[in-house]
Amino acid sequence: MRTEIALLWDKDTLFEDYLIDRGFTCEVVMPNTLSAPFFSFTGYKLVIVPAGFGNELYSGMLKALRANSELIKDFVKAGGALLVSGALSNKNAYNWLPIKIEYVMEKRRVRIEVVKEHKAAVIVEKEECMCDGYFTEIGAGGEVILSEKEKNKDRKVILVVSEYGAGEIIATTIHEYPSERFIAYCVVK
């Protein structure tokens with residue numbers, strides 16, 4: 001059986017168990033593996049960068065993401081899906097992506113508003129969820145799919161989808177495991 005999902009993380013994570021329990025094949029790809037000259041994303045359909053990747057208290061992954069940004073870009077260009085969660089850091093943690101994203105860390109429970117219909121909108125299947133921040137800037141081509149539902153306030157964006165080559169980059173600040181339907185969408189498309 002081919003592995004469908006790569007979790008880019010620097011230690012074992014319960015996220016892997018969550019995905020396997022739902023019938024997906026996945027493996028944790030650590031920084032030394034990601035940086036190895038023989039490593040390739042060939043065969044993977046989805047690459048996930050979990051929440052906290054930009055905060056040294058949780059992860060040492062950011063340096064490896066920056067060092068291997070071309071490999072990740074090539075994976076998406078070739079038709080792969082990249083899910084990037086909240087950085088949990090206000091430092092420029094998204095500058096390794098081929099698209100412009102600005103993030104503000106702000107942990108809170110939010111009510112969700114669907115801004116644009118898209119299959120990625122099923123990332124969470126309830127009206128409220130935990131978020132670790134919001135996006136203040138989305139580069140050209142980025143589509144806002146979900147935002148915080150707030151009356152009489154500026155919209156706080158919590159999920160963006162950007163087509164890149166034959167694939168797509170999905171950036172979210174939702175601080176919960178993605179739904180089974182969302183993961184299925186990413187690995188089947």
# chains A, B, ... in the order shown; residues from 1 in each chain; ligands from 1
>>> residues_around(residues="A:Tyr18", least_positions_apart="3", cutoff="12 Å", atoms="only C-alpha atoms", output="MDAnalysis selection string")
chainID A and resid 7 13:15 21:27 176:180 183
>>> write_last_selection(atoms="N, CA and C atoms", output="PDB file, in the first residue's frame")
ATOM      1  N   LEU A   7       3.442  13.827   6.953  1.00  0.00           N
ATOM      2  CA  LEU A   7       3.339  14.802   8.043  1.00  0.00           C
ATOM      3  C   LEU A   7       4.735  15.357   8.289  1.00  0.00           C
ATOM      4  N   THR A  13       4.032  12.195  16.486  1.00  0.00           N
ATOM      5  CA  THR A  13       2.874  13.043  16.741  1.00  0.00           C
ATOM      6  C   THR A  13       1.599  12.218  16.736  1.00  0.00           C
ATOM      7  N   LEU A  14       0.661  12.598  17.599  1.00  0.00           N
ATOM      8  CA  LEU A  14      -0.641  11.919  17.640  1.00  0.00           C
ATOM      9  C   LEU A  14      -1.451  12.155  16.371  1.00  0.00           C
ATOM     10  N   PHE A  15      -1.085  13.172  15.603  1.00  0.00           N
ATOM     11  CA  PHE A  15      -1.752  13.452  14.338  1.00  0.00           C
ATOM     12  C   PHE A  15      -1.661  12.223  13.423  1.00  0.00           C
ATOM     13  N   ASP A  21      -6.127   5.975  12.119  1.00  0.00           N
ATOM     14  CA  ASP A  21      -7.406   5.501  12.672  1.00  0.00           C
ATOM     15  C   ASP A  21      -8.572   5.759  11.729  1.00  0.00           C
ATOM     16  N   ARG A  22      -8.421   6.695  10.807  1.00  0.00           N
ATOM     17  CA  ARG A  22      -9.472   7.009   9.840  1.00  0.00           C
ATOM     18  C   ARG A  22      -9.232   6.351   8.491  1.00  0.00           C
ATOM     19  N   GLY A  23      -8.254   5.446   8.437  1.00  0.00           N
ATOM     20  CA  GLY A  23      -8.034   4.657   7.231  1.00  0.00           C
ATOM     21  C   GLY A  23      -7.046   5.216   6.228  1.00  0.00           C
ATOM     22  N   PHE A  24      -6.352   6.286   6.558  1.00  0.00           N
ATOM     23  CA  PHE A  24      -5.374   6.864   5.646  1.00  0.00           C
ATOM     24  C   PHE A  24      -3.987   6.303   5.935  1.00  0.00           C
ATOM     25  N   THR A  25      -3.152   6.262   4.925  1.00  0.00           N
ATOM     26  CA  THR A  25      -1.760   5.864   5.128  1.00  0.00           C
ATOM     27  C   THR A  25      -0.922   7.123   5.226  1.00  0.00           C
ATOM     28  N   CYS A  26      -0.083   7.180   6.242  1.00  0.00           N
ATOM     29  CA  CYS A  26       0.740   8.369   6.418  1.00  0.00           C
ATOM     30  C   CYS A  26       2.025   8.018   7.145  1.00  0.00           C
ATOM     31  N   GLU A  27       2.962   8.955   7.066  1.00  0.00           N
ATOM     32  CA  GLU A  27       4.195   8.810   7.816  1.00  0.00           C
ATOM     33  C   GLU A  27       4.727  10.186   8.178  1.00  0.00           C
ATOM     34  N   GLU A 176      -7.587  22.447  15.046  1.00  0.00           N
ATOM     35  CA  GLU A 176      -8.220  21.163  15.317  1.00  0.00           C
ATOM     36  C   GLU A 176      -7.849  20.231  14.185  1.00  0.00           C
ATOM     37  N   TYR A 177      -7.913  18.924  14.428  1.00  0.00           N
ATOM     38  CA  TYR A 177      -7.624  17.984  13.352  1.00  0.00           C
ATOM     39  C   TYR A 177      -8.633  18.179  12.223  1.00  0.00           C
ATOM     40  N   PRO A 178      -8.180  18.094  10.983  1.00  0.00           N
ATOM     41  CA  PRO A 178      -9.108  18.224   9.856  1.00  0.00           C
ATOM     42  C   PRO A 178     -10.060  17.035   9.786  1.00  0.00           C
ATOM     43  N   SER A 179     -11.247  17.286   9.269  1.00  0.00           N
ATOM     44  CA  SER A 179     -12.255  16.225   9.180  1.00  0.00           C
ATOM     45  C   SER A 179     -11.821  15.136   8.208  1.00  0.00           C
ATOM     46  N   GLU A 180     -12.403  13.979   8.376  1.00  0.00           N
ATOM     47  CA  GLU A 180     -12.135  12.849   7.485  1.00  0.00           C
ATOM     48  C   GLU A 180     -12.526  13.195   6.047  1.00  0.00           C
ATOM     49  N   ILE A 183      -9.738  15.368   4.489  1.00  0.00           N
ATOM     50  CA  ILE A 183      -8.546  14.584   4.139  1.00  0.00           C
ATOM     51  C   ILE A 183      -8.841  13.752   2.885  1.00  0.00           C
TER      52      ILE A 183
END
>>> residues_around(residues="stretch 34-49 of chain A", least_positions_apart="4", cutoff="7 Å", atoms="only C-alpha atoms", output="list of chain:residue names")
A:Arg2, A:Thr3, A:Glu4, A:Ile5, A:Ala6, A:Leu7, A:Leu8, A:Val29, A:Met30, A:Phe53, A:Asn68, A:Phe75, A:Gly80, A:Ala81, A:Leu82, A:Leu83, A:Val84, A:Ser85, A:Cys186, A:Val187
>>> write_last_selection(atoms="N, CA and C atoms", output="mmCIF file, in the first residue's frame")
data_model
loop_
_atom_site.group_PDB
_atom_site.id
_atom_site.type_symbol
_atom_site.label_atom_id
_atom_site.label_comp_id
_atom_site.auth_asym_id
_atom_site.auth_seq_id
_atom_site.Cartn_x
_atom_site.Cartn_y
_atom_site.Cartn_z
ATOM 1 N N ARG A 2 0.603 2.201 -0.866
ATOM 2 C CA ARG A 2 1.383 3.421 -0.953
ATOM 3 C C ARG A 2 0.968 4.405 0.133
ATOM 4 N N THR A 3 1.941 5.117 0.642
ATOM 5 C CA THR A 3 1.660 6.122 1.657
ATOM 6 C C THR A 3 1.101 7.368 0.969
ATOM 7 N N GLU A 4 -0.052 7.832 1.434
ATOM 8 C CA GLU A 4 -0.734 8.968 0.807
ATOM 9 C C GLU A 4 -0.326 10.307 1.393
ATOM 10 N N ILE A 5 0.005 10.311 2.690
ATOM 11 C CA ILE A 5 0.164 11.574 3.416
ATOM 12 C C ILE A 5 1.527 11.637 4.088
ATOM 13 N N ALA A 6 2.190 12.775 3.934
ATOM 14 C CA ALA A 6 3.428 13.054 4.652
ATOM 15 C C ALA A 6 3.136 14.129 5.697
ATOM 16 N N LEU A 7 3.442 13.827 6.953
ATOM 17 C CA LEU A 7 3.339 14.802 8.043
ATOM 18 C C LEU A 7 4.735 15.357 8.289
ATOM 19 N N LEU A 8 4.944 16.638 8.022
ATOM 20 C CA LEU A 8 6.260 17.239 8.203
ATOM 21 C C LEU A 8 6.377 17.716 9.638
ATOM 22 N N VAL A 29 7.579 12.750 8.339
ATOM 23 C CA VAL A 29 8.819 13.042 7.634
ATOM 24 C C VAL A 29 9.556 14.089 8.465
ATOM 25 N N MET A 30 10.651 13.665 9.051
ATOM 26 C CA MET A 30 11.420 14.528 9.941
ATOM 27 C C MET A 30 12.407 15.381 9.142
ATOM 28 N N PHE A 53 4.234 24.881 13.778
ATOM 29 C CA PHE A 53 5.495 24.670 13.058
ATOM 30 C C PHE A 53 6.458 25.854 13.160
ATOM 31 N N ASN A 68 14.023 23.527 2.357
ATOM 32 C CA ASN A 68 13.490 22.611 1.347
ATOM 33 C C ASN A 68 12.272 23.177 0.623
ATOM 34 N N PHE A 75 6.451 19.732 -5.438
ATOM 35 C CA PHE A 75 5.400 18.771 -5.107
ATOM 36 C C PHE A 75 4.024 19.350 -5.437
ATOM 37 N N GLY A 80 0.194 17.994 -6.173
ATOM 38 C CA GLY A 80 -0.026 17.642 -4.781
ATOM 39 C C GLY A 80 -0.796 18.708 -4.019
ATOM 40 N N ALA A 81 -1.310 18.316 -2.875
ATOM 41 C CA ALA A 81 -2.003 19.243 -1.979
ATOM 42 C C ALA A 81 -1.121 19.476 -0.756
ATOM 43 N N LEU A 82 -0.987 20.722 -0.355
ATOM 44 C CA LEU A 82 -0.220 21.111 0.824
ATOM 45 C C LEU A 82 -1.162 21.776 1.812
ATOM 46 N N LEU A 83 -1.261 21.217 3.014
ATOM 47 C CA LEU A 83 -2.052 21.810 4.090
ATOM 48 C C LEU A 83 -1.081 22.396 5.106
ATOM 49 N N VAL A 84 -1.162 23.701 5.296
ATOM 50 C CA VAL A 84 -0.311 24.406 6.252
ATOM 51 C C VAL A 84 -1.201 24.995 7.328
ATOM 52 N N SER A 85 -0.933 24.640 8.566
ATOM 53 C CA SER A 85 -1.727 25.140 9.687
ATOM 54 C C SER A 85 -1.083 26.363 10.307
ATOM 55 N N CYS A 186 -8.546 15.821 -0.187
ATOM 56 C CA CYS A 186 -7.147 16.130 -0.516
ATOM 57 C C CYS A 186 -6.422 14.956 -1.156
ATOM 58 N N VAL A 187 -6.698 13.739 -0.727
ATOM 59 C CA VAL A 187 -5.959 12.594 -1.258
ATOM 60 C C VAL A 187 -6.599 11.977 -2.494
#
>>> select_by_dssp(residues="chain A", states="alpha helix (DSSP H)", output="compact mmCIF listing (two decimals) with C-alpha atoms, in the first residue's frame")
# COMPACT_ATOMS: atom_id res chain seq x y z
CA LEU A 14 -0.64 11.92 17.64
CA PHE A 15 -1.75 13.45 14.34
CA GLU A 16 -0.34 10.33 12.63
CA ASP A 17 -2.54 8.06 14.80
CA TYR A 18 -5.57 10.26 14.05
CA LEU A 19 -5.07 9.80 10.30
CA ILE A 20 -4.32 6.06 10.48
CA ASP A 21 -7.41 5.50 12.67
CA PRO A 31 13.81 17.39 9.03
CA ASN A 32 16.81 15.11 8.43
CA THR A 33 14.75 12.95 6.04
CA LEU A 34 13.28 15.96 4.25
CA MET A 61 10.48 22.27 11.58
CA LEU A 62 10.59 25.84 10.25
CA LYS A 63 14.30 25.76 9.37
CA ALA A 64 13.79 22.55 7.35
CA LEU A 65 10.73 24.02 5.58
CA ARG A 66 12.76 27.04 4.51
CA ALA A 67 15.74 24.92 3.41
CA SER A 69 10.99 25.12 -0.03
CA GLU A 70 11.83 24.25 -3.67
CA LEU A 71 11.10 20.56 -3.05
CA ILE A 72 7.74 21.49 -1.50
CA LYS A 73 6.90 23.92 -4.33
CA ASP A 74 7.70 21.24 -6.91
CA PHE A 75 5.40 18.77 -5.11
CA VAL A 76 2.48 21.21 -5.28
CA LYS A 77 3.21 22.27 -8.87
CA GLU A 180 -12.13 12.85 7.49
CA ARG A 181 -14.08 14.31 4.53
CA PHE A 182 -11.47 17.05 4.11
CA ILE A 183 -8.55 14.58 4.14
CA ALA A 184 -10.40 12.36 1.63
CA TYR A 185 -10.88 15.38 -0.65
CA CYS A 186 -7.15 16.13 -0.52
CA VAL A 187 -5.96 12.59 -1.26
CA VAL A 188 -8.54 11.73 -3.91
>>> atom_distance(atom1="atom CA of A:Lys91", atom2="atom CA of A:Ile138")
16.2 Å
>>> atom_distance(atom1="atom CA of A:Tyr58", atom2="atom CA of A:Leu88")
8.8 Å
>>> closest_residue(among="A:Gly133, A:Val110, A:Ala51, A:His175", to="A:Glu150", atoms="only C-alpha atoms")
A:Val110
>>> residues_around(residues="stretch 143-146 of chain A", least_positions_apart="2", cutoff="7 Å", atoms="only C-alpha atoms", output="MDAnalysis selection string")
chainID A and resid 112:118 121 141 157:162
>>> select_by_dssp(residues="stretch 107-154 of chain A", states="strand (DSSP E or B)", output="number ranges by chain")
A: 107-114, 128-138, 142-148
>>> closest_residue(among="A:Ala120, A:Ala87, A:Ala93, A:Ala166", to="A:Met105", atoms="only C-alpha atoms")
A:Ala87
>>> closest_residue(among="A:Ile99, A:Thr173, A:Ser89, A:Gly142", to="A:Met130", atoms="only C-alpha atoms")
A:Thr173
>>> residues_around(residues="A:Lys156", least_positions_apart="5", cutoff="8 Å", atoms="only C-alpha atoms", output="tab-separated table (two decimals) with N, CA and C atoms, in the first residue's frame")
chain	number	residue	atom	x	y	z
A	134	TYR	N	-5.27	34.32	12.62
A	134	TYR	CA	-5.98	34.64	11.39
A	134	TYR	C	-4.98	35.22	10.39
A	135	PHE	N	-5.37	35.25	9.13
A	135	PHE	CA	-4.52	35.78	8.07
A	135	PHE	C	-4.93	37.22	7.76
A	136	THR	N	-3.94	38.07	7.65
A	136	THR	CA	-4.21	39.48	7.34
A	136	THR	C	-3.90	39.81	5.89
A	147	SER	N	-13.99	32.27	7.16
A	147	SER	CA	-13.58	33.36	8.03
A	147	SER	C	-14.32	33.24	9.35
A	148	GLU	N	-13.91	34.07	10.26
A	148	GLU	CA	-14.60	34.15	11.54
A	148	GLU	C	-15.90	34.90	11.30
